[in-house]
file protein.csv (CSV, C-alpha atoms and all ligand atoms)
chain,number,residue,atom,x,y,z
A,882,MET,CA,0.0,0.0,0.0
A,883,ASP,CA,1.4,3.4,-1.1
A,884,ILE,CA,1.0,5.4,2.0
A,885,GLU,CA,3.1,8.3,0.6
A,886,ARG,CA,0.6,8.8,-2.2
A,887,LEU,CA,-2.3,8.8,0.4
A,888,LYS,CA,-0.5,11.5,2.4
A,889,ARG,CA,-0.2,13.7,-0.7
A,890,ILE,CA,-4.0,13.8,-1.2
A,891,ARG,CA,-5.4,17.4,-0.8
A,892,CYS,CA,-9.1,16.6,-1.4
A,893,PHE,CA,-11.1,13.6,-0.4
A,894,LEU,CA,-14.3,13.0,-2.3
A,895,LEU,CA,-16.6,11.2,0.0
A,896,ASP,CA,-19.5,9.0,-0.9
A,897,MET,CA,-22.2,9.2,1.8
A,898,ASP,CA,-24.4,6.1,2.3
A,899,GLY,CA,-22.2,3.2,3.3
A,900,THR,CA,-19.2,5.4,3.8
A,901,ILE,CA,-20.0,8.1,6.4
A,902,TYR,CA,-23.4,6.7,7.6
A,903,LEU,CA,-25.6,3.7,7.0
A,904,ALA,CA,-29.4,3.7,7.0
A,905,GLY,CA,-29.4,7.2,8.7
A,906,ARG,CA,-26.9,6.1,11.5
A,907,VAL,CA,-23.6,8.1,11.4
A,908,PHE,CA,-20.6,5.9,11.9
A,909,PRO,CA,-18.7,6.8,15.2
A,910,GLU,CA,-15.5,7.3,13.1
A,911,THR,CA,-17.0,9.9,10.7
A,912,VAL,CA,-16.7,13.1,12.6
A,913,PRO,CA,-13.2,12.4,14.0
A,914,PHE,CA,-12.1,11.6,10.5
A,915,LEU,CA,-13.4,14.9,9.1
A,916,ASP,CA,-12.0,16.9,12.0
A,917,MET,CA,-8.6,15.3,11.4
A,918,LEU,CA,-8.7,16.4,7.7
A,919,THR,CA,-9.7,19.9,8.7
A,920,ASP,CA,-6.8,20.1,11.2
A,921,ARG,CA,-4.4,19.2,8.4
A,922,SER,CA,-6.0,21.7,6.0
A,923,ILE,CA,-7.1,18.8,3.7
A,924,ARG,CA,-10.4,19.5,1.9
A,925,TYR,CA,-13.3,17.1,1.7
A,926,LEU,CA,-16.4,17.2,-0.5
A,927,PHE,CA,-19.5,14.9,-0.2
A,928,LEU,CA,-20.3,13.5,-3.6
A,929,THR,CA,-23.5,11.7,-4.4
A,930,ASN,CA,-25.1,10.3,-7.5
A,931,ASN,CA,-28.6,10.7,-5.9
A,932,SER,CA,-30.2,13.5,-8.0
A,933,SER,CA,-33.6,13.3,-6.1
A,934,LEU,CA,-32.2,15.8,-3.5
A,935,SER,CA,-30.3,19.0,-4.1
A,936,ALA,CA,-26.9,19.9,-2.5
A,937,GLY,CA,-28.8,22.2,-0.1
A,938,ASP,CA,-31.1,19.3,0.9
A,939,TYR,CA,-28.0,17.2,1.6
A,940,ARG,CA,-26.3,20.0,3.6
A,941,LYS,CA,-29.3,20.2,5.8
A,942,LYS,CA,-29.4,16.5,6.3
A,943,LEU,CA,-25.7,16.3,7.1
A,944,LYS,CA,-26.0,19.2,9.6
A,945,LYS,CA,-28.9,17.5,11.3
A,946,MET,CA,-26.6,14.5,11.8
A,947,SER,CA,-23.9,16.9,13.2
A,948,ILE,CA,-21.6,16.2,10.3
A,949,PRO,CA,-19.5,19.3,9.5
A,950,VAL,CA,-20.1,20.5,5.9
A,951,SER,CA,-19.0,23.7,4.2
A,952,SER,CA,-21.4,25.9,2.2
A,953,ASP,CA,-20.2,24.4,-1.1
A,954,GLY,CA,-19.3,21.0,0.4
A,955,VAL,CA,-21.9,18.8,-1.4
A,956,PHE,CA,-21.8,18.1,-5.2
A,957,THR,CA,-24.6,15.9,-6.7
A,958,SER,CA,-24.9,14.2,-10.1
A,959,GLY,CA,-27.7,16.8,-10.7
A,960,ASP,CA,-25.2,19.6,-10.2
A,961,ALA,CA,-22.7,17.9,-12.5
A,962,THR,CA,-25.5,17.4,-15.2
A,963,ALA,CA,-26.4,21.2,-15.0
A,964,VAL,CA,-22.7,22.1,-15.4
A,965,TYR,CA,-22.3,19.7,-18.3
A,966,LEU,CA,-25.5,20.9,-20.2
A,967,LYS,CA,-24.6,24.5,-19.7
A,968,LYS,CA,-21.2,23.8,-21.3
A,969,GLN,CA,-23.1,22.3,-24.3
A,970,GLY,CA,-25.2,25.4,-24.6
A,971,VAL,CA,-28.4,23.6,-23.6
A,972,SER,CA,-31.0,25.7,-21.7
A,973,ARG,CA,-34.3,23.9,-22.4
A,974,VAL,CA,-34.8,20.3,-21.3
A,975,TYR,CA,-37.6,17.8,-20.7
A,976,LEU,CA,-36.8,16.8,-17.2
A,977,LEU,CA,-37.8,13.6,-15.4
A,978,GLY,CA,-36.9,14.6,-11.9
A,979,THR,CA,-38.0,15.9,-8.5
A,980,GLY,CA,-38.9,19.5,-7.6
A,981,SER,CA,-35.4,19.8,-6.0
A,982,LEU,CA,-33.7,18.9,-9.3
A,983,ARG,CA,-36.0,21.1,-11.3
A,984,ARG,CA,-35.2,24.1,-9.0
A,985,ASP,CA,-31.4,23.4,-9.2
A,986,PHE,CA,-31.6,23.4,-13.0
A,987,ARG,CA,-33.6,26.6,-13.0
A,988,ARG,CA,-31.0,28.3,-10.8
A,989,CYS,CA,-28.4,27.3,-13.4
A,990,GLY,CA,-30.5,28.7,-16.3
A,991,ILE,CA,-31.9,25.4,-17.5
A,992,ALA,CA,-35.7,25.4,-17.8
A,993,HIS,CA,-38.0,22.4,-17.9
A,994,THR,CA,-40.2,22.4,-21.0
A,995,GLU,CA,-42.6,20.1,-22.8
A,996,LYS,CA,-42.3,22.0,-26.1
A,997,ASP,CA,-39.2,21.6,-28.3
A,998,PRO,CA,-36.7,20.7,-25.6
A,999,GLU,CA,-33.0,20.4,-26.6
A,1000,ALA,CA,-32.5,17.3,-24.4
A,1001,VAL,CA,-34.3,14.7,-22.3
A,1002,VAL,CA,-32.8,14.4,-18.8
A,1003,LEU,CA,-33.6,11.6,-16.6
A,1004,GLY,CA,-32.9,11.9,-12.8
A,1005,PHE,CA,-33.9,9.8,-9.8
A,1006,ASP,CA,-37.5,10.8,-10.3
A,1007,LEU,CA,-39.6,9.9,-7.3
A,1008,THR,CA,-42.5,11.5,-9.1
A,1009,LEU,CA,-42.2,9.4,-12.2
A,1010,THR,CA,-45.5,8.6,-14.1
A,1011,TYR,CA,-46.5,6.7,-17.2
A,1012,ALA,CA,-47.3,10.0,-18.9
A,1013,LYS,CA,-43.8,11.2,-18.3
A,1014,LEU,CA,-42.2,8.0,-19.6
A,1015,LYS,CA,-44.4,8.2,-22.7
A,1016,LYS,CA,-43.5,11.8,-23.4
A,1017,ALA,CA,-39.8,11.1,-22.8
A,1018,ASN,CA,-39.9,8.1,-25.1
A,1019,ASP,CA,-41.6,10.1,-27.8
A,1020,LEU,CA,-38.9,12.8,-27.7
A,1021,ILE,CA,-36.0,10.3,-27.6
A,1022,CYS,CA,-37.5,8.3,-30.5
A,1023,SER,CA,-37.8,11.6,-32.5
A,1024,GLY,CA,-34.0,12.2,-32.0
A,1025,VAL,CA,-33.8,14.5,-29.0
A,1026,PRO,CA,-30.5,13.7,-27.1
A,1027,PHE,CA,-31.0,11.5,-24.0
A,1028,TYR,CA,-29.1,12.1,-20.7
A,1029,ALA,CA,-29.2,10.3,-17.4
A,1030,THR,CA,-27.9,12.0,-14.2
A,1031,HIS,CA,-26.3,8.7,-12.9
A,1032,PRO,CA,-26.2,5.0,-13.6
A,1033,ASP,CA,-27.1,3.5,-10.2
A,1034,LEU,CA,-29.7,0.7,-10.7
A,1035,VAL,CA,-30.8,0.8,-7.1
A,1036,CYS,CA,-30.7,3.2,-4.1
A,1037,PRO,CA,-29.9,1.6,-0.7
A,1038,PHE,CA,-33.1,1.4,1.4
A,1039,HIS,CA,-34.4,-0.9,4.1
A,1040,PRO,CA,-35.7,-3.6,3.8
A,1041,HIS,CA,-35.3,-3.6,0.0
A,1042,PRO,CA,-33.4,-1.3,-2.3
A,1043,LEU,CA,-35.4,1.3,-4.4
A,1044,PRO,CA,-35.4,1.3,-8.2
A,1045,ASP,CA,-33.0,4.2,-9.1
A,1046,ALA,CA,-32.3,6.3,-12.3
A,1047,GLY,CA,-30.2,3.5,-13.8
A,1048,ALA,CA,-33.2,1.1,-13.7
A,1049,MET,CA,-35.5,3.8,-15.1
A,1050,ALA,CA,-33.0,4.5,-17.9
A,1051,LYS,CA,-33.1,0.7,-18.8
A,1052,LEU,CA,-36.8,1.0,-19.3
A,1053,LEU,CA,-36.4,3.9,-21.7
A,1054,GLU,CA,-33.5,2.2,-23.4
A,1055,ALA,CA,-35.6,-0.9,-24.0
A,1056,SER,CA,-38.6,1.1,-25.4
A,1057,SER,CA,-36.6,3.7,-27.5
A,1058,GLY,CA,-33.6,1.6,-28.5
A,1059,LYS,CA,-31.4,4.6,-27.5
A,1060,THR,CA,-28.7,4.6,-24.8
A,1061,PRO,CA,-28.4,7.8,-22.6
A,1062,THR,CA,-25.2,9.8,-22.0
A,1063,VAL,CA,-24.6,9.2,-18.3
A,1064,ILE,CA,-23.1,12.0,-16.3
A,1065,GLY,CA,-22.7,10.8,-12.7
A,1066,LYS,CA,-20.0,8.6,-11.0
A,1067,PRO,CA,-18.1,6.7,-12.5
A,1068,TYR,CA,-18.1,8.7,-15.7
A,1069,ALA,CA,-15.9,11.6,-16.9
A,1070,PRO,CA,-18.5,14.4,-17.1
A,1071,MET,CA,-19.0,14.3,-13.3
A,1072,ALA,CA,-15.2,14.3,-12.8
A,1073,ASP,CA,-14.6,17.2,-15.3
A,1074,ALA,CA,-17.5,19.2,-13.8
A,1075,LEU,CA,-16.2,19.0,-10.2
A,1076,ILE,CA,-12.6,19.7,-11.3
A,1077,GLU,CA,-13.9,22.8,-13.0
A,1078,ARG,CA,-16.2,23.9,-10.2
A,1079,TYR,CA,-13.7,23.5,-7.4
A,1080,GLY,CA,-10.4,24.2,-9.3
A,1081,LEU,CA,-8.8,20.9,-8.4
A,1082,SER,CA,-6.1,18.9,-10.1
A,1083,ARG,CA,-6.5,15.1,-10.7
A,1084,GLY,CA,-3.3,14.0,-8.8
A,1085,GLU,CA,-4.4,15.5,-5.5
A,1086,ILE,CA,-7.9,13.9,-5.4
A,1087,ALA,CA,-9.0,10.6,-3.8
A,1088,MET,CA,-12.4,9.1,-4.1
A,1089,VAL,CA,-13.7,7.2,-1.0
A,1090,GLY,CA,-16.7,4.9,-1.3
A,1091,ASP,CA,-18.3,1.6,-0.6
A,1092,ARG,CA,-19.5,0.7,-4.1
A,1093,LEU,CA,-17.1,-0.8,-6.7
A,1094,TYR,CA,-19.0,0.0,-10.0
A,1095,THR,CA,-19.6,3.7,-9.2
A,1096,ASP,CA,-17.2,5.0,-6.5
A,1097,ILE,CA,-14.1,2.9,-7.2
A,1098,ARG,CA,-14.5,3.1,-11.0
A,1099,PHE,CA,-14.9,6.8,-10.7
A,1100,GLY,CA,-11.4,6.9,-9.3
A,1101,THR,CA,-9.8,4.5,-11.7
A,1102,LEU,CA,-11.4,6.0,-14.8
A,1103,ASN,CA,-10.6,9.6,-14.0
A,1104,GLY,CA,-7.1,9.5,-12.6
A,1105,PHE,CA,-8.0,9.8,-8.9
A,1106,ALA,CA,-6.7,7.6,-6.1
A,1107,SER,CA,-9.5,5.1,-5.3
A,1108,ILE,CA,-10.3,4.0,-1.7
A,1109,LEU,CA,-12.8,1.3,-0.9
A,1110,VAL,CA,-14.3,1.1,2.6
A,1111,LEU,CA,-15.9,-2.1,3.7
A,1112,SER,CA,-18.6,-0.4,5.8
A,1113,GLY,CA,-21.3,-0.5,3.1
A,1114,GLU,CA,-22.3,-2.8,0.4
A,1115,THR,CA,-19.0,-4.4,-0.6
A,1116,THR,CA,-17.4,-7.2,1.4
A,1117,ARG,CA,-13.7,-8.1,1.1
A,1118,ALA,CA,-14.6,-11.3,-0.7
A,1119,MET,CA,-16.5,-9.3,-3.3
A,1120,ALA,CA,-13.6,-6.9,-3.7
A,1121,ASP,CA,-11.1,-9.8,-4.1
A,1122,ALA,CA,-13.4,-11.5,-6.7
A,1123,GLY,CA,-14.2,-8.3,-8.8
A,1124,ASP,CA,-12.3,-7.0,-11.7
A,1125,ILE,CA,-12.5,-3.4,-10.4
A,1126,ARG,CA,-9.4,-2.9,-8.3
A,1127,PRO,CA,-9.3,-0.1,-5.7
A,1128,ASP,CA,-5.9,1.4,-4.9
A,1129,TYR,CA,-6.6,1.1,-1.2
A,1130,ILE,CA,-9.0,-1.0,0.9
A,1131,PHE,CA,-9.9,-0.1,4.5
A,1132,ASP,CA,-12.5,-1.6,6.9
A,1133,ASP,CA,-14.0,1.9,7.4
A,1134,ILE,CA,-13.2,5.6,7.3
A,1135,GLY,CA,-11.6,5.4,10.8
A,1136,ALA,CA,-8.9,3.0,9.5
A,1137,LEU,CA,-8.3,5.3,6.5
A,1138,GLY,CA,-7.9,8.2,9.0
A,1139,LYS,CA,-5.3,6.3,11.0
A,1140,ALA,CA,-3.3,5.6,7.8
A,1141,ILE,CA,-3.3,9.3,6.9
A,1142,ALA,CA,-2.5,10.5,10.4
A,1143,THR,CA,0.4,8.1,11.2
A,1201,MG,MG,-22.4,4.3,-1.0
call {"tool": "encode", "arguments": {"input": "protein.csv", "output": "structure tokens"}}
result
Amino acid sequence: MDIERLKRIRCFLLDMDGTIYLAGRVFPETVPFLDMLTDRSIRYLFLTNNSSLSAGDYRKKLKKMSIPVSSDGVFTSGDATAVYLKKQGVSRVYLLGTGSLRRDFRRCGIAHTEKDPEAVVLGFDLTLTYAKLKKANDLICSGVPFYATHPDLVCPFHPHPLPDAGAMAKLLEASSGKTPTVIGKPYAPMADALIERYGLSRGEIAMVGDRLYTDIRFGTLNGFASILVLSGETTRAMADAGDIRPDYIFDDIGALGKAIAT
């Protein structure tokens, strides 16, 4: 394990569910880990693919859990999608998403419209209806570019995971025959958007998360150090058997903190 590389990291991108808390319960190691980073002037950002909530919603949620978070300390796949679309010059979209996502887009100058949209954007839409699916399918079939905020098939939930945007995208893929451009972890648009927004360079970034096919691949595909924590959905046996290889594996964020601090 290359501890020297770990000590050179200046910004930790932190997944939330399974990494800093699980099912609403904050891990006891979380706040000491964040305080240790702050003491060493190392930055951290909470990164999530969940586009059903806004960064502001997440900041409130984290503060309620007594987790320290800065005013720009949360970046969602919805934020990344807005940055990406703006760069493409897109300002009118047919959006399948929550009110939070729609407000975020509006703040970035991207309006939801049913008439002549420049793109169809699928988020983790908790208000999804058949009428929305039909409209989106019609638009995609008529050649309007199709984007999804993130690829996650399911969202962790007790007792059973929830169908997430990736599963919804599969439905539209099956009906339209078109594959969406996906923005969120592990793909490059999310990485490029956050580098641009926060002025970071790749070599000083590490991604910490519990999921191989989003968090760890986000690191390996985009030139960030990748750190798997075994406090969420991935067991050591799964990590050993998989073809996605994290640079580092720790039992939890506390063990990562010890490796940085010693
Ligand atoms: Mg997670």
call {"tool": "residues_near_ligand", "arguments": {"input": "protein.csv", "ligand": "ligand MG 1201 (chain A)", "cutoff": "10 Å", "atoms": "all atoms listed in the file", "output": "JSON, numbers by chain"}}
result
{"A": [895, 896, 897, 898, 899, 900, 901, 902, 903, 928, 929, 930, 1036, 1037, 1089, 1090, 1091, 1092, 1093, 1095, 1096, 1110, 1112, 1113, 1114, 1115]}
call {"tool": "write_last_selection", "arguments": {"input": "protein.csv", "atoms": "C-alpha atoms", "output": "CSV table (one decimal), in the coordinates of the input"}}
result
chain,number,residue,atom,x,y,z
A,895,LEU,CA,-16.6,11.2,0.0
A,896,ASP,CA,-19.5,9.0,-0.9
A,897,MET,CA,-22.2,9.2,1.8
A,898,ASP,CA,-24.4,6.1,2.3
A,899,GLY,CA,-22.2,3.2,3.3
A,900,THR,CA,-19.2,5.4,3.8
A,901,ILE,CA,-20.0,8.1,6.4
A,902,TYR,CA,-23.4,6.7,7.6
A,903,LEU,CA,-25.6,3.7,7.0
A,928,LEU,CA,-20.3,13.5,-3.6
A,929,THR,CA,-23.5,11.7,-4.4
A,930,ASN,CA,-25.1,10.3,-7.5
A,1036,CYS,CA,-30.7,3.2,-4.1
A,1037,PRO,CA,-29.9,1.6,-0.7
A,1089,VAL,CA,-13.7,7.2,-1.0
A,1090,GLY,CA,-16.7,4.9,-1.3
A,1091,ASP,CA,-18.3,1.6,-0.6
A,1092,ARG,CA,-19.5,0.7,-4.1
A,1093,LEU,CA,-17.1,-0.8,-6.7
A,1095,THR,CA,-19.6,3.7,-9.2
A,1096,ASP,CA,-17.2,5.0,-6.5
A,1110,VAL,CA,-14.3,1.1,2.6
A,1112,SER,CA,-18.6,-0.4,5.8
A,1113,GLY,CA,-21.3,-0.5,3.1
A,1114,GLU,CA,-22.3,-2.8,0.4
A,1115,THR,CA,-19.0,-4.4,-0.6
call {"tool": "closest_atom_pairs", "arguments": {"input": "protein.csv", "of": "stretch 1016-1093 of chain A", "to": "stretch 949-958 of chain A", "cutoff": "7 Å", "atoms": "only C-alpha atoms", "output": "JSON lines"}}
result
{"residue": "A:Thr1030", "atom": "CA", "partner": "A:Ser958", "partner_atom": "CA", "distance": 5.5}
{"residue": "A:His1031", "atom": "CA", "partner": "A:Ser958", "partner_atom": "CA", "distance": 6.3}
{"residue": "A:Ile1064", "atom": "CA", "partner": "A:Ser958", "partner_atom": "CA", "distance": 6.8}
{"residue": "A:Gly1065", "atom": "CA", "partner": "A:Ser958", "partner_atom": "CA", "distance": 4.8}
{"residue": "A:Met1071", "atom": "CA", "partner": "A:Ser958", "partner_atom": "CA", "distance": 6.7}
call {"tool": "closest_residue", "arguments": {"input": "protein.csv", "among": "A:Pro1070, A:Pro1061, A:Gly1138, A:Gly990", "to": "A:Phe1027", "atoms": "all atoms listed in the file"}}
result
A:Pro1061
call {"tool": "closest_residue", "arguments": {"input": "protein.csv", "among": "A:Glu999, A:Thr1101, A:Val964, A:Gly937", "to": "A:Ser981", "atoms": "all atoms listed in the file"}}
result
A:Gly937
call {"tool": "atom_distance", "arguments": {"input": "protein.csv", "atom1": "atom CA of A:Leu1111", "atom2": "atom CA of A:Ala1136"}}
result
10.4 Å
call {"tool": "atom_distance", "arguments": {"input": "protein.csv", "atom1": "atom CA of A:Asp1019", "atom2": "atom CA of A:Val1063"}}
result
19.5 Å
call {"tool": "build_atoms", "arguments": {"input": "protein.csv", "residues": "stretch 1027-1054 of chain A", "atoms": "N, CA and C atoms", "output": "CSV table (one decimal), keeping the file's coordinate frame"}}
result
chain,number,residue,atom,x,y,z
A,1027,PHE,N,-30.5,12.2,-25.2
A,1027,PHE,CA,-31.0,11.5,-24.0
A,1027,PHE,C,-29.9,11.5,-23.0
A,1028,TYR,N,-30.1,12.1,-21.8
A,1028,TYR,CA,-29.1,12.1,-20.7
A,1028,TYR,C,-29.7,11.5,-19.5
A,1029,ALA,N,-28.8,10.8,-18.7
A,1029,ALA,CA,-29.2,10.3,-17.4
A,1029,ALA,C,-28.3,10.9,-16.4
A,1030,THR,N,-28.8,11.4,-15.2
A,1030,THR,CA,-27.9,12.0,-14.2
A,1030,THR,C,-26.9,11.0,-13.7
A,1031,HIS,N,-27.2,9.7,-13.5
A,1031,HIS,CA,-26.3,8.7,-12.9
A,1031,HIS,C,-26.8,7.3,-13.3
A,1032,PRO,N,-25.9,6.3,-13.2
A,1032,PRO,CA,-26.2,5.0,-13.6
A,1032,PRO,C,-26.7,4.0,-12.6
A,1033,ASP,N,-26.8,4.4,-11.3
A,1033,ASP,CA,-27.1,3.5,-10.2
A,1033,ASP,C,-28.5,2.8,-10.5
A,1034,LEU,N,-28.4,1.5,-10.4
A,1034,LEU,CA,-29.7,0.7,-10.7
A,1034,LEU,C,-30.6,0.8,-9.5
A,1035,VAL,N,-30.0,0.8,-8.3
A,1035,VAL,CA,-30.8,0.8,-7.1
A,1035,VAL,C,-30.2,1.8,-6.1
A,1036,CYS,N,-31.1,2.3,-5.2
A,1036,CYS,CA,-30.7,3.2,-4.1
A,1036,CYS,C,-30.9,2.4,-2.8
A,1037,PRO,N,-29.9,2.4,-1.9
A,1037,PRO,CA,-29.9,1.6,-0.7
A,1037,PRO,C,-31.2,2.0,0.1
A,1038,PHE,N,-31.9,1.1,0.6
A,1038,PHE,CA,-33.1,1.4,1.4
A,1038,PHE,C,-33.5,0.1,2.1
A,1039,HIS,N,-34.1,0.3,3.3
A,1039,HIS,CA,-34.4,-0.9,4.1
A,1039,HIS,C,-35.9,-1.1,4.1
A,1040,PRO,N,-36.4,-2.3,3.9
A,1040,PRO,CA,-35.7,-3.6,3.8
A,1040,PRO,C,-35.2,-4.0,2.4
A,1041,HIS,N,-35.7,-3.2,1.4
A,1041,HIS,CA,-35.3,-3.6,0.0
A,1041,HIS,C,-34.9,-2.3,-0.7
A,1042,PRO,N,-33.9,-2.4,-1.6
A,1042,PRO,CA,-33.4,-1.3,-2.3
A,1042,PRO,C,-34.5,-0.7,-3.2
A,1043,LEU,N,-34.4,0.6,-3.5
A,1043,LEU,CA,-35.4,1.3,-4.4
A,1043,LEU,C,-34.9,1.3,-5.8
A,1044,PRO,N,-35.8,1.2,-6.8
A,1044,PRO,CA,-35.4,1.3,-8.2
A,1044,PRO,C,-34.9,2.8,-8.4
A,1045,ASP,N,-33.7,2.9,-8.9
A,1045,ASP,CA,-33.0,4.2,-9.1
A,1045,ASP,C,-33.0,4.6,-10.6
A,1046,ALA,N,-32.3,5.7,-10.9
A,1046,ALA,CA,-32.3,6.3,-12.3
A,1046,ALA,C,-31.8,5.3,-13.3
A,1047,GLY,N,-30.8,4.5,-12.9
A,1047,GLY,CA,-30.2,3.5,-13.8
A,1047,GLY,C,-31.3,2.5,-14.3
A,1048,ALA,N,-32.1,2.1,-13.4
A,1048,ALA,CA,-33.2,1.1,-13.7
A,1048,ALA,C,-34.2,1.8,-14.6
A,1049,MET,N,-34.5,3.1,-14.3
A,1049,MET,CA,-35.5,3.8,-15.1
A,1049,MET,C,-35.0,4.0,-16.5
A,1050,ALA,N,-33.6,4.3,-16.6
A,1050,ALA,CA,-33.0,4.5,-17.9
A,1050,ALA,C,-33.1,3.2,-18.7
A,1051,LYS,N,-33.0,2.0,-18.1
A,1051,LYS,CA,-33.1,0.7,-18.8
A,1051,LYS,C,-34.4,0.6,-19.4
A,1052,LEU,N,-35.5,1.1,-18.8
A,1052,LEU,CA,-36.8,1.0,-19.3
A,1052,LEU,C,-36.9,1.8,-20.6
A,1053,LEU,N,-36.4,3.0,-20.6
A,1053,LEU,CA,-36.4,3.9,-21.7
A,1053,LEU,C,-35.5,3.4,-22.8
A,1054,GLU,N,-34.4,2.8,-22.4
A,1054,GLU,CA,-33.5,2.2,-23.4
A,1054,GLU,C,-34.2,1.1,-24.2
